[in-house]
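Report on the following structure.
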Amino acid sequence: DITLSRMLPLMKALGNPEQKLKIIHVAGTSGKTSTSYYISSLLKLAGYKVGLTVSPHIECINERVQLNLQPVVEEQFCKNLEEFLELIKNVDPEPTYFELLIAFVYWYFAQEKVDYAVIETGLGGLHDATNVANRADKVCVITDIGIDHTHVLGNTLQLIATQKAGIFYPGNEAVMLAQSTEINTVFKAQAEERGTTLNMLRVEDYYYNYLDIIEDLPVFQQRNWLLALNVYKYISKRDNLVSLTAKNLLATTKVHVPGRMDI
C-alpha cells in the first residue's frame with residue numbers, strides 16, 4: 001500500500017516542514033545511498049549545514065537522521081522523536097514505520113534550519129513517502145536504473161523508470177548520467193510532461209577530467225561520485241556556492257558509506 005495519502009495529513013499536522021527546505025531528492029535503483037553521501041560531503045566541505053537521510057540503516061536507526069554526515073546522537077534523537085510523536089498523536093490515518101521516520105526527518109531538518117536536505121527515496125518515487133517534497137527549486141537526482149521491487153513498480157525497465165521519474169515536479173532541475181536508450185527515453189518524456197528540466201550527462205565527458213581524483217574508487221562508485229559532482233556544480237552555479245579545490249574533491253571520495261564498501 002505505497003501511497004502519499006497517509007503522508008499528506010501527517011505533514012499538514014507538522015506545518016509542512018518539507019516546504020521550508022532546499023531539497024536534493026535522490027531516486028534510482030543502484031547507488032542512491034552512495035550518491036547521497038557524496039552530495040552531502042561536497043556541500044559540507046563547501047561550508048553548509050547539510051541534512052541527510054538514507055535507508056535502510058545498517059547499525060543504528062539514527063543513521064537515518066544525519067547532520068553534516070554525523071548521525072544525530074541517540075539521546076538527542078530520542079528527545080526529539082518524543083516531541084515529534086506528541087505532535088502527531090492524533091493524526092489519522094496512522095503512518096507506517098517508514099512514513100513516520102520520513103516525516104520526522106523533514107520536521108527535524110526544518111527545526112535545525114539546515115541549508116540543504118539530501119533525501120534518498122525509499123521505494124520508487126511517485127508514491128514514495130519522501131515525494132511530498134514538491135517545491136519548484138527541488139533538485140532531482142536519478143541514479144542507475146535496474147529491475148527492483150517489481151511487485152510494486154512493474155516488471156519492465158520502462159515501468160520502473162516511470163515510477164522513479166515521479167519525483168519530478170514543475171520547475172525542478174533533474175540530473176542523471178545517460179543510461180540505455182529505453183531508460184533515457186522514459187526520463188526525457190517524463191521530464192517534458194512534468195515541467196522538469198533534465199540534464200542528462202555522458203560519464204565519458206567528465207571521466208578523464210577527474211581521473212586523478214576517482215582512480216582509486218571502484219567503477220560503480222566512480223559513476224556515483226561523478227553524478228554527485230554534477231549535482232553540486234548545478235547547485236553551486238544556482239546558489240553561488242564556493243568552488244571546491246582538487247584537495248576538497250579528493251576528500252569527498254573518501255567518505256565512508258556504511259555497508260557499501262565493507263567486508
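Chain labels run A, B, ... following the order of the C-alpha cells; each chain numbers its residues from 1, and ligands are numbered from 1 in the order shown.
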Which residues of region 15-83 of chain A come within 12 Å of region 116-127 of chain A, and what is each one's closest atom pair and distance in Å (one decimal), counting only C-alpha atoms, sorted by chain and residue number, as JSON lines?
```
{"residue": "A:Pro17", "atom": "CA", "partner": "A:Ala117", "partner_atom": "CA", "distance": 11.5}
{"residue": "A:Glu18", "atom": "CA", "partner": "A:Ala117", "partner_atom": "CA", "distance": 9.4}
{"residue": "A:Gln19", "atom": "CA", "partner": "A:Ala117", "partner_atom": "CA", "distance": 11.4}
{"residue": "A:Lys20", "atom": "CA", "partner": "A:Ala117", "partner_atom": "CA", "distance": 10.2}
{"residue": "A:Leu21", "atom": "CA", "partner": "A:Ala117", "partner_atom": "CA", "distance": 6.6}
{"residue": "A:Lys22", "atom": "CA", "partner": "A:Tyr116", "partner_atom": "CA", "distance": 5.0}
{"residue": "A:Ile23", "atom": "CA", "partner": "A:Ala117", "partner_atom": "CA", "distance": 4.8}
{"residue": "A:Ile24", "atom": "CA", "partner": "A:Val118", "partner_atom": "CA", "distance": 4.8}
{"residue": "A:His25", "atom": "CA", "partner": "A:Ile119", "partner_atom": "CA", "distance": 4.9}
{"residue": "A:Val26", "atom": "CA", "partner": "A:Glu120", "partner_atom": "CA", "distance": 4.8}
{"residue": "A:Ala27", "atom": "CA", "partner": "A:Thr121", "partner_atom": "CA", "distance": 5.5}
{"residue": "A:Gly28", "atom": "CA", "partner": "A:Gly124", "partner_atom": "CA", "distance": 7.3}
{"residue": "A:Thr29", "atom": "CA", "partner": "A:Gly124", "partner_atom": "CA", "distance": 8.2}
{"residue": "A:Ser30", "atom": "CA", "partner": "A:Glu120", "partner_atom": "CA", "distance": 11.7}
{"residue": "A:Gly31", "atom": "CA", "partner": "A:Glu120", "partner_atom": "CA", "distance": 10.3}
{"residue": "A:Lys32", "atom": "CA", "partner": "A:Glu120", "partner_atom": "CA", "distance": 6.5}
{"residue": "A:Thr33", "atom": "CA", "partner": "A:Glu120", "partner_atom": "CA", "distance": 6.8}
{"residue": "A:Ser34", "atom": "CA", "partner": "A:Glu120", "partner_atom": "CA", "distance": 10.0}
{"residue": "A:Thr35", "atom": "CA", "partner": "A:Glu120", "partner_atom": "CA", "distance": 9.2}
{"residue": "A:Ser36", "atom": "CA", "partner": "A:Val118", "partner_atom": "CA", "distance": 6.3}
{"residue": "A:Tyr37", "atom": "CA", "partner": "A:Val118", "partner_atom": "CA", "distance": 8.5}
{"residue": "A:Tyr38", "atom": "CA", "partner": "A:Val118", "partner_atom": "CA", "distance": 10.1}
{"residue": "A:Ile39", "atom": "CA", "partner": "A:Val118", "partner_atom": "CA", "distance": 7.6}
{"residue": "A:Ser40", "atom": "CA", "partner": "A:Val118", "partner_atom": "CA", "distance": 6.7}
{"residue": "A:Ser41", "atom": "CA", "partner": "A:Val118", "partner_atom": "CA", "distance": 10.5}
{"residue": "A:Leu42", "atom": "CA", "partner": "A:Tyr116", "partner_atom": "CA", "distance": 11.4}
{"residue": "A:Leu43", "atom": "CA", "partner": "A:Tyr116", "partner_atom": "CA", "distance": 8.1}
{"residue": "A:Lys44", "atom": "CA", "partner": "A:Tyr116", "partner_atom": "CA", "distance": 9.5}
{"residue": "A:Ala46", "atom": "CA", "partner": "A:Tyr116", "partner_atom": "CA", "distance": 11.7}
{"residue": "A:Gly47", "atom": "CA", "partner": "A:Tyr116", "partner_atom": "CA", "distance": 11.2}
{"residue": "A:Tyr48", "atom": "CA", "partner": "A:Tyr116", "partner_atom": "CA", "distance": 7.6}
{"residue": "A:Lys49", "atom": "CA", "partner": "A:Tyr116", "partner_atom": "CA", "distance": 6.7}
{"residue": "A:Val50", "atom": "CA", "partner": "A:Tyr116", "partner_atom": "CA", "distance": 5.0}
{"residue": "A:Gly51", "atom": "CA", "partner": "A:Ala117", "partner_atom": "CA", "distance": 4.5}
{"residue": "A:Leu52", "atom": "CA", "partner": "A:Val118", "partner_atom": "CA", "distance": 4.8}
{"residue": "A:Thr53", "atom": "CA", "partner": "A:Ile119", "partner_atom": "CA", "distance": 5.4}
{"residue": "A:Val54", "atom": "CA", "partner": "A:Glu120", "partner_atom": "CA", "distance": 5.3}
{"residue": "A:Ser55", "atom": "CA", "partner": "A:Gly122", "partner_atom": "CA", "distance": 6.4}
{"residue": "A:Pro56", "atom": "CA", "partner": "A:Gly122", "partner_atom": "CA", "distance": 8.1}
{"residue": "A:His57", "atom": "CA", "partner": "A:Gly122", "partner_atom": "CA", "distance": 11.4}
{"residue": "A:Arg64", "atom": "CA", "partner": "A:Glu120", "partner_atom": "CA", "distance": 9.8}
{"residue": "A:Val65", "atom": "CA", "partner": "A:Ile119", "partner_atom": "CA", "distance": 10.1}
{"residue": "A:Gln66", "atom": "CA", "partner": "A:Ala117", "partner_atom": "CA", "distance": 9.7}
{"residue": "A:Leu67", "atom": "CA", "partner": "A:Ala117", "partner_atom": "CA", "distance": 9.2}
{"residue": "A:Asn68", "atom": "CA", "partner": "A:Tyr116", "partner_atom": "CA", "distance": 10.1}
{"residue": "A:Leu69", "atom": "CA", "partner": "A:Val118", "partner_atom": "CA", "distance": 10.6}
```
Residues just named, written with C-alpha atoms as a compact mmCIF listing (two decimals), in the first residue's frame:
```txt
# COMPACT_ATOMS: atom_id res chain seq x y z
CA PRO A 17 8.19 21.35 7.12
CA GLU A 18 9.20 19.96 3.70
CA GLN A 19 8.19 23.34 2.24
CA LYS A 20 10.85 25.07 4.33
CA LEU A 21 13.79 23.09 2.96
CA LYS A 22 16.09 23.21 -0.06
CA ILE A 23 15.89 19.57 -1.07
CA ILE A 24 18.08 17.33 -3.21
CA HIS A 25 15.88 14.30 -3.92
CA VAL A 26 17.67 11.09 -4.94
CA ALA A 27 15.89 8.21 -6.72
CA GLY A 28 17.08 5.19 -8.69
CA THR A 29 17.85 1.51 -8.28
CA SER A 30 21.60 1.34 -7.62
CA GLY A 31 23.81 3.93 -5.98
CA LYS A 32 21.21 6.08 -4.21
CA THR A 33 22.86 5.94 -0.81
CA SER A 34 26.41 6.39 -2.08
CA THR A 35 25.40 9.32 -4.29
CA SER A 36 23.52 10.90 -1.38
CA TYR A 37 26.63 10.63 0.82
CA TYR A 38 28.83 12.15 -1.89
CA ILE A 39 26.45 15.07 -2.47
CA SER A 40 26.29 15.70 1.28
CA SER A 41 30.06 15.57 1.56
CA LEU A 42 30.52 18.11 -1.25
CA LEU A 43 28.03 20.52 0.31
CA LYS A 44 29.53 20.06 3.77
CA ALA A 46 31.67 23.97 0.89
CA GLY A 47 30.73 25.12 4.39
CA TYR A 48 27.00 24.38 4.51
CA LYS A 49 24.83 22.66 7.10
CA VAL A 50 23.55 19.51 5.43
CA GLY A 51 20.80 17.14 6.49
CA LEU A 52 20.95 13.62 5.08
CA THR A 53 18.51 10.73 5.29
CA VAL A 54 19.20 7.28 3.87
CA SER A 55 17.56 3.89 4.17
CA PRO A 56 17.89 1.26 5.32
CA HIS A 57 20.11 1.92 8.32
CA ARG A 64 18.55 7.89 9.02
CA VAL A 65 18.84 11.39 10.52
CA GLN A 66 22.26 12.91 9.89
CA LEU A 67 23.65 16.41 10.21
CA ASN A 68 26.87 17.02 8.29
CA LEU A 69 27.28 13.25 7.80
```
Legend entry - alpha helix (DSSP H) call set, DSSP backbone run, region 169-227 of chain A, as a VMD selection string: chain A and resid 181 to 194 204 to 207 211 to 214 219 to 227
Legend entry - Residue neighbourhood Met11 (chain A), 12 Å, only C-alpha atoms, exclusion window fewer than 2 positions, as a ChimeraX atom specification: /A:4-9,13-20,84,87-88,91-92,95,99-107,129-133
Inset, instruction - Give the strand (DSSP E) residues of region 83-252 of chain A, as assigned by DSSP on the backbone, as a PyMOL selection string. - result: chain A and resi 116-120+139-142+173-177+197-201
Generate a file of the selected residues that holds C-alpha atoms, formatted as a compact mmCIF listing (two decimals), in the first residue's frame.
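Just written: part-v2.txt:
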```
# COMPACT_ATOMS: atom_id res chain seq x y z
CA TYR A 116 20.30 21.70 2.24
CA ALA A 117 18.47 18.42 2.83
CA VAL A 118 19.62 15.38 0.85
CA ILE A 119 16.70 12.95 0.76
CA GLU A 120 17.01 9.38 -0.50
CA VAL A 139 16.88 19.23 -7.39
CA CYS A 140 16.12 15.69 -8.56
CA VAL A 141 18.90 13.13 -8.91
CA ILE A 142 18.48 9.87 -10.82
CA GLU A 173 16.03 20.56 -12.21
CA ALA A 174 16.98 16.89 -12.67
CA VAL A 175 20.47 15.46 -13.11
CA MET A 176 21.32 11.94 -14.30
CA LEU A 177 24.00 10.05 -16.17
CA THR A 197 14.50 20.47 -16.82
CA LEU A 198 16.54 17.32 -17.38
CA ASN A 199 20.34 17.37 -17.53
CA MET A 200 21.39 14.03 -18.99
CA LEU A 201 25.16 13.74 -18.85
```
Legend entry - Pick from A:Ala228, A:Ala191, A:Val73, A:Ile213, whichever lies nearest to Thr143 (chain A) using only C-alpha atoms: A:Ala228
Legend entry - Point-to-point distance in Å for CA of Trp225 (chain A) and CA of Val255 (chain A): 10.6 Å
